[in-house]
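Remarks on the structure that follows.
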Amino acid sequence: MNAELPPAAPDVVAAAVEGLTTRLRKKLDAAIESYAALPVVVDCTVRRVRCGEDAEVVLTPGPSGSVTDPDQVVCSCLLSPRCLHRAAVLGACPLADPEAGADTEGDGTPPVDADTAPGTADTAAPAASSTAAAAVSSTAGAAAEPEPEQALPLTDAQLAAASGLWAAAAALLTAGVPAAGAVPQAELLRAAHTARLAGLHRAEAAALRVVRGLRGARARHDGHRLADLVAQVRELLLTTALLAAGGPEPALIGTARRAYRPGGSLRVHGVCREPVIATTGYSGVVTHLVSEDGRWFSVADVKPGGPARAQGAATATVALGSGNLDHAQLSRGGLLISGATVSSDGRLGSGKGVRATPLTGGSWTSGPLAALFARPLAEAVAERLTVAPDTDPEQAERAARELVGCDLVLVGAVGDHLIARELPSGRPDTEGALVRLVPSSGHPALAHTANFRRLASRPGLRLRVVGRLDPDRAATLRPLAVAPLPGAEATLRLPAEWRDRADLGYDRLEGAHFPPPEVMTAAAPAANGPGEIPPDPLAEAPLWRLRRLIEVAVSGGRRAVAEPARDGDLRGDGAALRRGGFHTAADLAAGLTAEADRRTRDVFGRTGGADPDRYARAWLAAAVYLAGVERALVQATWQPAGAGS
């Protein structure tokens, strides 16, 4: 993918690949890799790519900035438009988001996908991409949620589109990443476009995420994670399987675009700023807000740019209301908004009818901000991580990414993270659950890593923390902001202009912000050794054997999965799972390997082709089971010691 090229609509890419002859299709993957490295000549909105002496591809994007019509891509060679140059250049373009340009009541900031979520700038702390976690993913309340829809039977066109998507996804799963080149991707893009025409928006979005994930895997992008691609394939197969079975639930259908709905009058208080440096070239800041009744909202300034833009956006003017307030002031102040418009993910729009008046900032010790720290951490986690298997992944991700507040005491540092213990509200001497604290981003342009080094050297420090759960790791929190713990002596001493809070991505903690050494010495916890390291059931359980098999299926294809069945399970994966009590996992693993090695024979005894449908169903059953068990284990790690006894 070449970031200098304009995004291209999936149907345009699919049509260009379908127009190639069989001989040219065999050369397409190599051509895409070659043309993606060619220089792009920019002439206003026009992009030109010289593919040879007699071939130049000219791209003229539409008003949205994306190539949405085949006539907007022209090649000068004699074979155009059925030429390799045109198809390869389109294959090197980023995939256009169907929602691009649809945000008409917001602030002009484009929606940010999961792989561009806050904190995904580096490979040290990538978020679970690709199941559509938005950068502005604070959850709004009932004022922003659409009315419940009635479940209607699926039409014949929708059933056919779902079946086509299933077949294309099953073929990709059978092939694996190495064989999932431009041609199989084009087949999935065509099926995704058919699903869009049929109104299956959730399935279409899942298919586009899979194609983006495959491109990242094949190009070995720094931000690519195999676990993310596995989750994307699982979501696509699960959604299409439920749809093809006639599931009429509105959540399976999805919505076509971000809808801003009237939110009335709102009084919101700033909580913190979160820097965004995304692997896809977007950067900026998201300021998180909370209303009087505890609902989460956000204001975002995320646009194309690099680390410098993320730093500059921290003090940029907020595009809401009178325009005399910046993000730094808003995060420590508030707004009184009339005529508010709110999206389903809590994003505040800045339409013409919106009026906003700045308010004096409140403290984390009173009002709705203090209520963030009143609930036990285990209750807040259970609310965010408990989701049904068929829940829309965007809704599930928004719920998981909603910020939580807690009071903690630092215990020490282990590896790349800090160990802290929860201090239950109102009972500062009661021990709660052990929690891992991991930097939200390790990008050197941000202050997260430097602040963590400072905090790691102060065991016994008591803090108020606002952060985001990591749903894929045991008892792990990614802090965004910290504040002094009320009534504690061994806590932070922050400047008055910071309003008793520090945004860990922007504000740098210094020695003067910490208690004197004698105070920290008296408050330091006793060194209990390994007892102070929270258990990690995900690492200790033999489930990694099933996880490895599921990931191998995506990265290596069906042939790689069939090997354990041919060698008689010499590695002992099934036996290890059964010894650990995971009998269902052992059965699913055995069923998947057996199905991968299954071959049909004709009446003459000749080996026939494998059945991708049965294989995909066996893989999906194992993947859904694994995701559910791992989520349950993660939830259990948030319980205080002795809670289950």
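Convention: chains lettered A, B, ... in structure tokens order; per-chain residue numbering from 1; ligands numbered from 1 as shown.
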
What's around A:Gly574 at 12 Å? Count only C-alpha atoms, leave out sequence neighbours fewer than 2 positions away in its own chain, and write the answer as number ranges by chain. A: 542-546, 549, 564-565, 568-572, 576-593

Spatial neighbours of A:His327, 8 Å, only C-alpha atoms, chain gap at least 3 places, as an MDAnalysis selection string: chainID A and resid 273 287 313:318 330:331

So the first atom is atom CA of A:Ile277 and the second is atom CA of A:Gly305; what is the distance between them in Å, to one decimal place? 8.3 Å

State, in Å with one decimal place, the distance from atom CA of A:Ala596 to atom CA of A:Arg559. 7.0 Å

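Nearest residue to A:Ala374, choosing from A:Leu620, A:Val466, A:Ala396, A:Cys406 and counting only C-alpha atoms: A:Cys406.
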
May I ask for the distance between atom CA of A:Ala413 and atom CA of A:Val465, given in Å to one decimal place? 16.8 Å

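Among the candidate residues A:Ala219, A:Cys75, A:Leu200, A:Leu20, the one lying nearest to A:Ala37 is A:Ala219, with distances computed using only C-alpha atoms.
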
Taking the backbone alone, and naming residues the way the document does, which bits of stretch 443-496 of chain A are alpha helix (DSSP H) by DSSP, as JSON, numbers by chain? {"A": [448, 449, 450, 451, 452, 453, 454, 455, 456]}

Selection above as a file: all heavy atoms, as a PDB file, in the first residue's frame:
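Listed below is the output, again.pdb:
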```
ATOM      1  N   HIS A 448       4.369   9.053  27.682  1.00  0.00           N
ATOM      2  CA  HIS A 448       3.959   7.874  28.446  1.00  0.00           C
ATOM      3  C   HIS A 448       5.150   7.138  29.056  1.00  0.00           C
ATOM      4  O   HIS A 448       5.170   6.848  30.258  1.00  0.00           O
ATOM      5  CB  HIS A 448       3.180   6.911  27.545  1.00  0.00           C
ATOM      6  CG  HIS A 448       1.846   7.414  27.120  1.00  0.00           C
ATOM      7  ND1 HIS A 448       0.779   7.501  27.977  1.00  0.00           N
ATOM      8  CD2 HIS A 448       1.398   7.858  25.909  1.00  0.00           C
ATOM      9  CE1 HIS A 448      -0.266   7.964  27.325  1.00  0.00           C
ATOM     10  NE2 HIS A 448       0.077   8.195  26.076  1.00  0.00           N
ATOM     11  N   THR A 449       6.128   6.796  28.233  1.00  0.00           N
ATOM     12  CA  THR A 449       7.241   5.971  28.711  1.00  0.00           C
ATOM     13  C   THR A 449       8.054   6.691  29.778  1.00  0.00           C
ATOM     14  O   THR A 449       8.430   6.102  30.800  1.00  0.00           O
ATOM     15  CB  THR A 449       8.140   5.584  27.531  1.00  0.00           C
ATOM     16  OG1 THR A 449       7.365   4.892  26.547  1.00  0.00           O
ATOM     17  CG2 THR A 449       9.271   4.686  27.989  1.00  0.00           C
ATOM     18  N   ALA A 450       8.335   7.981  29.561  1.00  0.00           N
ATOM     19  CA  ALA A 450       9.096   8.749  30.551  1.00  0.00           C
ATOM     20  C   ALA A 450       8.348   8.828  31.872  1.00  0.00           C
ATOM     21  O   ALA A 450       8.947   8.703  32.955  1.00  0.00           O
ATOM     22  CB  ALA A 450       9.387  10.148  30.011  1.00  0.00           C
ATOM     23  N   ASN A 451       7.034   9.027  31.821  1.00  0.00           N
ATOM     24  CA  ASN A 451       6.253   9.100  33.054  1.00  0.00           C
ATOM     25  C   ASN A 451       6.228   7.756  33.771  1.00  0.00           C
ATOM     26  O   ASN A 451       6.255   7.703  35.004  1.00  0.00           O
ATOM     27  CB  ASN A 451       4.829   9.560  32.733  1.00  0.00           C
ATOM     28  CG  ASN A 451       4.767  11.040  32.395  1.00  0.00           C
ATOM     29  OD1 ASN A 451       5.573  11.827  32.875  1.00  0.00           O
ATOM     30  ND2 ASN A 451       3.816  11.422  31.568  1.00  0.00           N
ATOM     31  N   PHE A 452       6.175   6.663  33.014  1.00  0.00           N
ATOM     32  CA  PHE A 452       6.188   5.345  33.647  1.00  0.00           C
ATOM     33  C   PHE A 452       7.515   5.088  34.355  1.00  0.00           C
ATOM     34  O   PHE A 452       7.553   4.450  35.410  1.00  0.00           O
ATOM     35  CB  PHE A 452       5.897   4.264  32.602  1.00  0.00           C
ATOM     36  CG  PHE A 452       4.473   3.791  32.620  1.00  0.00           C
ATOM     37  CD1 PHE A 452       3.450   4.638  32.245  1.00  0.00           C
ATOM     38  CD2 PHE A 452       4.161   2.510  33.032  1.00  0.00           C
ATOM     39  CE1 PHE A 452       2.138   4.214  32.259  1.00  0.00           C
ATOM     40  CE2 PHE A 452       2.845   2.073  33.059  1.00  0.00           C
ATOM     41  CZ  PHE A 452       1.822   2.925  32.676  1.00  0.00           C
ATOM     42  N   ARG A 453       8.613   5.577  33.778  1.00  0.00           N
ATOM     43  CA  ARG A 453       9.903   5.410  34.457  1.00  0.00           C
ATOM     44  C   ARG A 453       9.899   6.137  35.793  1.00  0.00           C
ATOM     45  O   ARG A 453      10.420   5.631  36.795  1.00  0.00           O
ATOM     46  CB  ARG A 453      11.032   5.949  33.576  1.00  0.00           C
ATOM     47  CG  ARG A 453      11.305   5.115  32.329  1.00  0.00           C
ATOM     48  CD  ARG A 453      12.651   5.470  31.746  1.00  0.00           C
ATOM     49  NE  ARG A 453      12.845   4.921  30.413  1.00  0.00           N
ATOM     50  CZ  ARG A 453      12.694   5.594  29.291  1.00  0.00           C
ATOM     51  NH1 ARG A 453      12.386   6.885  29.342  1.00  0.00           N
ATOM     52  NH2 ARG A 453      12.879   5.023  28.120  1.00  0.00           N
ATOM     53  N   ARG A 454       9.331   7.324  35.816  1.00  0.00           N
ATOM     54  CA  ARG A 454       9.254   8.083  37.067  1.00  0.00           C
ATOM     55  C   ARG A 454       8.395   7.355  38.092  1.00  0.00           C
ATOM     56  O   ARG A 454       8.750   7.251  39.271  1.00  0.00           O
ATOM     57  CB  ARG A 454       8.656   9.467  36.786  1.00  0.00           C
ATOM     58  CG  ARG A 454       9.551  10.386  35.984  1.00  0.00           C
ATOM     59  CD  ARG A 454      10.563  11.055  36.888  1.00  0.00           C
ATOM     60  NE  ARG A 454      11.327  12.079  36.179  1.00  0.00           N
ATOM     61  CZ  ARG A 454      12.265  12.814  36.736  1.00  0.00           C
ATOM     62  NH1 ARG A 454      12.554  12.640  38.010  1.00  0.00           N
ATOM     63  NH2 ARG A 454      12.927  13.721  36.042  1.00  0.00           N
ATOM     64  N   LEU A 455       7.249   6.853  37.647  1.00  0.00           N
ATOM     65  CA  LEU A 455       6.344   6.168  38.569  1.00  0.00           C
ATOM     66  C   LEU A 455       6.940   4.860  39.074  1.00  0.00           C
ATOM     67  O   LEU A 455       6.737   4.478  40.230  1.00  0.00           O
ATOM     68  CB  LEU A 455       5.007   5.900  37.872  1.00  0.00           C
ATOM     69  CG  LEU A 455       4.173   7.132  37.509  1.00  0.00           C
ATOM     70  CD1 LEU A 455       2.982   6.741  36.651  1.00  0.00           C
ATOM     71  CD2 LEU A 455       3.700   7.865  38.761  1.00  0.00           C
ATOM     72  N   ALA A 456       7.692   4.172  38.221  1.00  0.00           N
ATOM     73  CA  ALA A 456       8.269   2.887  38.618  1.00  0.00           C
ATOM     74  C   ALA A 456       9.256   3.024  39.760  1.00  0.00           C
ATOM     75  O   ALA A 456       9.481   2.066  40.514  1.00  0.00           O
ATOM     76  CB  ALA A 456       8.946   2.232  37.415  1.00  0.00           C
TER      77      ALA A 456
END
```

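Residues in contact with A:Ala205 at up to 9 Å, not including ones fewer than 5 positions away on its chain and judged by only C-alpha atoms, are Asp97, Pro98, Ala132, Ala192, Arg196, Leu200, Val210 and Leu236 of chain A.
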
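In terms of minimum interatomic distance to A:Gly487, A:Leu463 ranks closest within A:Leu197, A:Ala162, A:Leu463, A:Ala328, counting only C-alpha atoms.
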
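Minimum atom-to-atom distance to A:Ser363, evaluated using only C-alpha atoms, belongs to A:Arg464 out of A:Arg398, A:Lys26, A:Lys303, A:Arg464.
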
Extract, using only C-alpha atoms, all DNA, RNA and protein residues at most 8 Å from stretch 628-641 of chain A, discarding same-chain residues fewer than 3 positions from it, and format them as an NGL selection string. :A and (377-378 or 381-382 or 385 or 389 or 431-435 or 471-475 or 535-538 or 624-625 or 644)

Print the selection's residues with all heavy atoms to a file, as a short mmCIF file (atom, residue, chain, number, x, y, z; two decimals), in the first residue's frame.
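To be explicit, this is the file written out as result_4.cif:
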```cif
data_model
loop_
_atom_site.label_atom_id
_atom_site.label_comp_id
_atom_site.auth_asym_id
_atom_site.auth_seq_id
_atom_site.Cartn_x
_atom_site.Cartn_y
_atom_site.Cartn_z
N LEU A 377 -13.54 -1.72 41.16
CA LEU A 377 -12.99 -1.94 39.83
C LEU A 377 -13.57 -3.20 39.19
O LEU A 377 -13.83 -3.25 37.99
CB LEU A 377 -11.47 -2.05 39.92
CG LEU A 377 -10.67 -1.91 38.61
CD1 LEU A 377 -11.06 -0.66 37.86
CD2 LEU A 377 -9.18 -1.91 38.92
N ALA A 378 -13.81 -4.24 39.98
CA ALA A 378 -14.35 -5.49 39.43
C ALA A 378 -15.72 -5.28 38.81
O ALA A 378 -16.05 -5.87 37.78
CB ALA A 378 -14.42 -6.55 40.53
N VAL A 381 -15.30 -3.44 35.44
CA VAL A 381 -14.72 -4.34 34.43
C VAL A 381 -15.78 -5.31 33.92
O VAL A 381 -15.89 -5.55 32.71
CB VAL A 381 -13.52 -5.09 35.02
CG1 VAL A 381 -13.06 -6.19 34.07
CG2 VAL A 381 -12.38 -4.12 35.29
N ALA A 382 -16.55 -5.90 34.83
CA ALA A 382 -17.58 -6.85 34.41
C ALA A 382 -18.58 -6.20 33.47
O ALA A 382 -19.04 -6.81 32.50
CB ALA A 382 -18.29 -7.41 35.64
N LEU A 385 -16.74 -5.92 29.96
CA LEU A 385 -16.24 -7.12 29.28
C LEU A 385 -17.29 -8.19 29.05
O LEU A 385 -17.04 -9.15 28.33
CB LEU A 385 -15.08 -7.73 30.07
CG LEU A 385 -13.83 -6.88 30.21
CD1 LEU A 385 -12.73 -7.68 30.90
CD2 LEU A 385 -13.34 -6.36 28.88
N PRO A 389 -21.92 -13.43 22.42
CA PRO A 389 -21.04 -13.83 21.32
C PRO A 389 -21.36 -13.16 20.00
O PRO A 389 -20.47 -12.94 19.19
CB PRO A 389 -21.25 -15.36 21.25
CG PRO A 389 -21.76 -15.76 22.59
CD PRO A 389 -22.56 -14.59 23.07
N GLU A 431 -7.11 -4.22 50.94
CA GLU A 431 -6.39 -4.60 49.74
C GLU A 431 -7.36 -5.09 48.68
O GLU A 431 -8.24 -5.91 48.94
CB GLU A 431 -5.37 -5.70 50.05
CG GLU A 431 -4.17 -5.20 50.83
CD GLU A 431 -3.07 -6.24 50.87
OE1 GLU A 431 -3.33 -7.41 50.54
OE2 GLU A 431 -1.93 -5.88 51.22
N GLY A 432 -7.19 -4.58 47.47
CA GLY A 432 -8.00 -5.02 46.36
C GLY A 432 -7.19 -5.87 45.40
O GLY A 432 -6.18 -6.48 45.76
N ALA A 433 -7.64 -5.90 44.16
CA ALA A 433 -7.00 -6.73 43.15
C ALA A 433 -5.66 -6.15 42.72
O ALA A 433 -5.46 -4.93 42.72
CB ALA A 433 -7.92 -6.88 41.94
N LEU A 434 -4.73 -7.02 42.35
CA LEU A 434 -3.48 -6.59 41.74
C LEU A 434 -3.71 -6.30 40.26
O LEU A 434 -4.39 -7.06 39.57
CB LEU A 434 -2.41 -7.67 41.90
CG LEU A 434 -1.77 -7.81 43.28
CD1 LEU A 434 -0.88 -9.04 43.32
CD2 LEU A 434 -0.98 -6.57 43.65
N VAL A 435 -3.15 -5.20 39.78
CA VAL A 435 -3.40 -4.73 38.42
C VAL A 435 -2.06 -4.43 37.76
O VAL A 435 -1.14 -3.91 38.39
CB VAL A 435 -4.27 -3.44 38.44
CG1 VAL A 435 -4.52 -2.95 37.02
CG2 VAL A 435 -5.59 -3.70 39.15
N PRO A 471 -8.63 -5.64 27.07
CA PRO A 471 -9.47 -6.84 27.20
C PRO A 471 -8.77 -8.13 26.83
O PRO A 471 -9.34 -9.20 27.04
CB PRO A 471 -10.63 -6.54 26.24
CG PRO A 471 -10.06 -5.61 25.23
CD PRO A 471 -9.06 -4.77 25.96
N ASP A 472 -7.56 -8.05 26.29
CA ASP A 472 -6.85 -9.25 25.85
C ASP A 472 -5.74 -9.67 26.81
O ASP A 472 -5.06 -10.67 26.55
CB ASP A 472 -6.25 -9.04 24.46
CG ASP A 472 -7.32 -8.73 23.42
OD1 ASP A 472 -8.40 -9.33 23.50
OD2 ASP A 472 -7.08 -7.88 22.55
N ARG A 473 -5.55 -8.93 27.89
CA ARG A 473 -4.49 -9.26 28.83
C ARG A 473 -5.06 -9.33 30.24
O ARG A 473 -6.01 -8.63 30.58
CB ARG A 473 -3.36 -8.22 28.77
CG ARG A 473 -2.70 -8.13 27.42
CD ARG A 473 -1.61 -7.07 27.37
NE ARG A 473 -0.50 -7.36 28.25
CZ ARG A 473 0.63 -6.66 28.27
NH1 ARG A 473 0.77 -5.62 27.44
NH2 ARG A 473 1.61 -6.97 29.09
N ALA A 474 -4.46 -10.18 31.04
CA ALA A 474 -4.96 -10.40 32.40
C ALA A 474 -4.78 -9.15 33.25
O ALA A 474 -3.66 -8.63 33.39
CB ALA A 474 -4.21 -11.58 33.03
N ALA A 475 -5.90 -8.65 33.82
CA ALA A 475 -5.90 -7.53 34.77
C ALA A 475 -4.94 -6.43 34.35
O ALA A 475 -4.05 -6.04 35.10
CB ALA A 475 -5.55 -8.03 36.17
N PRO A 535 -1.34 -13.21 39.15
CA PRO A 535 -1.35 -14.41 38.31
C PRO A 535 -1.88 -14.10 36.92
O PRO A 535 -2.68 -13.19 36.72
CB PRO A 535 -2.29 -15.36 39.07
CG PRO A 535 -3.18 -14.46 39.86
CD PRO A 535 -2.33 -13.28 40.25
N ASP A 536 -1.43 -14.86 35.96
CA ASP A 536 -1.87 -14.69 34.58
C ASP A 536 -2.37 -16.04 34.06
O ASP A 536 -1.61 -16.85 33.53
CB ASP A 536 -0.71 -14.19 33.71
CG ASP A 536 -1.16 -13.84 32.30
OD1 ASP A 536 -2.32 -14.14 31.96
OD2 ASP A 536 -0.36 -13.26 31.54
N PRO A 537 -3.67 -16.32 34.22
CA PRO A 537 -4.19 -17.63 33.79
C PRO A 537 -4.08 -17.84 32.30
O PRO A 537 -4.01 -18.98 31.84
CB PRO A 537 -5.65 -17.59 34.25
CG PRO A 537 -5.98 -16.14 34.39
CD PRO A 537 -4.71 -15.47 34.80
N LEU A 538 -4.05 -16.77 31.51
CA LEU A 538 -3.90 -16.94 30.07
C LEU A 538 -2.54 -17.53 29.72
O LEU A 538 -2.42 -18.33 28.80
CB LEU A 538 -4.07 -15.59 29.36
CG LEU A 538 -5.49 -15.00 29.32
CD1 LEU A 538 -5.48 -13.70 28.55
CD2 LEU A 538 -6.47 -15.98 28.72
N VAL A 624 -14.43 -19.22 18.22
CA VAL A 624 -15.44 -18.61 19.10
C VAL A 624 -15.30 -19.14 20.52
O VAL A 624 -15.38 -18.39 21.50
CB VAL A 624 -16.85 -18.87 18.55
CG1 VAL A 624 -17.92 -18.46 19.56
CG2 VAL A 624 -17.06 -18.11 17.25
N TYR A 625 -15.06 -20.44 20.66
CA TYR A 625 -14.86 -21.02 21.99
C TYR A 625 -13.65 -20.39 22.67
O TYR A 625 -13.70 -20.00 23.84
CB TYR A 625 -14.67 -22.53 21.87
CG TYR A 625 -14.12 -23.17 23.12
CD1 TYR A 625 -14.97 -23.54 24.16
CD2 TYR A 625 -12.75 -23.41 23.28
CE1 TYR A 625 -14.47 -24.13 25.32
CE2 TYR A 625 -12.24 -23.99 24.43
CZ TYR A 625 -13.11 -24.34 25.45
OH TYR A 625 -12.62 -24.91 26.60
N GLY A 644 -13.65 -14.99 45.33
CA GLY A 644 -14.44 -16.15 44.92
C GLY A 644 -14.55 -17.22 45.98
O GLY A 644 -15.22 -18.22 45.80
#
```

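Minimum distance to A:Tyr282 across A:Ser265, A:Ala161, A:Asp301, A:Ala445 (counting only C-alpha atoms) occurs at A:Asp301.
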
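Excluding stretch 476-480 of chain A and any residue on its chain fewer than 4 positions from it, the residues at most 8 Å away by only C-alpha atoms are Cys272, Arg273, Glu274, Val435, Arg436, Leu437, Val438, Pro439, Ser440, Val465, Val466, Gly467, Arg468, Leu469, Asp470, Pro471, Asp503, Leu504 and Gly505 of chain A.
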
Now that the selection is made, can you save its residues with C-alpha atoms as an mmCIF file, in the first residue's frame?
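New file selection35.cif:
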```
data_model
loop_
_atom_site.group_PDB
_atom_site.id
_atom_site.type_symbol
_atom_site.label_atom_id
_atom_site.label_comp_id
_atom_site.auth_asym_id
_atom_site.auth_seq_id
_atom_site.Cartn_x
_atom_site.Cartn_y
_atom_site.Cartn_z
ATOM 1 C CA CYS A 272 -8.267 13.888 30.166
ATOM 2 C CA ARG A 273 -6.620 14.124 26.742
ATOM 3 C CA GLU A 274 -5.517 11.090 24.777
ATOM 4 C CA VAL A 435 -3.396 -4.726 38.421
ATOM 5 C CA ARG A 436 -0.809 -4.401 35.670
ATOM 6 C CA LEU A 437 -0.260 -0.872 34.352
ATOM 7 C CA VAL A 438 1.016 -0.670 30.762
ATOM 8 C CA PRO A 439 1.800 2.537 28.829
ATOM 9 C CA SER A 440 -0.983 3.476 26.451
ATOM 10 C CA VAL A 465 -5.983 6.739 37.753
ATOM 11 C CA VAL A 466 -8.238 7.066 34.723
ATOM 12 C CA GLY A 467 -7.484 4.568 31.987
ATOM 13 C CA ARG A 468 -8.706 1.981 29.542
ATOM 14 C CA LEU A 469 -8.908 -1.772 30.045
ATOM 15 C CA ASP A 470 -6.882 -4.095 27.877
ATOM 16 C CA PRO A 471 -9.470 -6.836 27.203
ATOM 17 C CA ASP A 503 -2.309 13.652 31.169
ATOM 18 C CA LEU A 504 0.337 10.952 30.868
ATOM 19 C CA GLY A 505 0.674 11.396 27.117
#
```

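The closest residue to A:Ala340, picked from A:Leu485, A:Val58, A:Val268, A:Ala96 and counting only C-alpha atoms, is A:Val268.
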
Which residues are near A:Ala170? Cut-off 7 Å, only C-alpha atoms, ignore same chain within fewer than 4 positions. Put them as a ChimeraX atom specification. /A:166,174,612-613,616

Written selection (all heavy atoms) as a tab-separated table (two decimals), in the first residue's frame:
```tsv
chain	number	residue	atom	x	y	z
A	166	TRP	N	-19.59	-15.61	2.97
A	166	TRP	CA	-19.10	-16.79	3.69
A	166	TRP	C	-18.17	-17.61	2.80
A	166	TRP	O	-17.09	-18.04	3.23
A	166	TRP	CB	-20.27	-17.64	4.18
A	166	TRP	CG	-19.85	-19.00	4.64
A	166	TRP	CD1	-19.73	-20.13	3.89
A	166	TRP	CD2	-19.44	-19.37	5.96
A	166	TRP	NE1	-19.30	-21.18	4.66
A	166	TRP	CE2	-19.11	-20.75	5.92
A	166	TRP	CE3	-19.34	-18.68	7.16
A	166	TRP	CZ2	-18.69	-21.44	7.05
A	166	TRP	CZ3	-18.91	-19.38	8.29
A	166	TRP	CH2	-18.60	-20.73	8.23
A	174	THR	N	-8.95	-21.14	3.93
A	174	THR	CA	-8.33	-22.35	3.42
A	174	THR	C	-6.95	-22.07	2.84
A	174	THR	O	-6.01	-22.83	3.03
A	174	THR	CB	-9.23	-23.00	2.36
A	174	THR	OG1	-10.49	-23.33	2.95
A	174	THR	CG2	-8.59	-24.26	1.79
A	612	PRO	N	-14.15	-26.46	1.75
A	612	PRO	CA	-13.82	-25.28	2.56
A	612	PRO	C	-14.92	-24.92	3.54
A	612	PRO	O	-14.65	-24.31	4.58
A	612	PRO	CB	-13.62	-24.18	1.52
A	612	PRO	CG	-14.39	-24.62	0.32
A	612	PRO	CD	-14.33	-26.11	0.32
A	613	ASP	N	-16.17	-25.30	3.25
A	613	ASP	CA	-17.27	-24.94	4.13
A	613	ASP	C	-17.17	-25.65	5.47
A	613	ASP	O	-17.24	-25.03	6.53
A	613	ASP	CB	-18.60	-25.27	3.44
A	613	ASP	CG	-19.80	-24.81	4.25
A	613	ASP	OD1	-20.08	-23.59	4.24
A	613	ASP	OD2	-20.43	-25.65	4.91
A	616	ALA	N	-14.16	-24.36	7.43
A	616	ALA	CA	-14.39	-23.03	8.02
A	616	ALA	C	-15.28	-23.13	9.25
A	616	ALA	O	-15.07	-22.41	10.23
A	616	ALA	CB	-15.00	-22.10	6.97
```
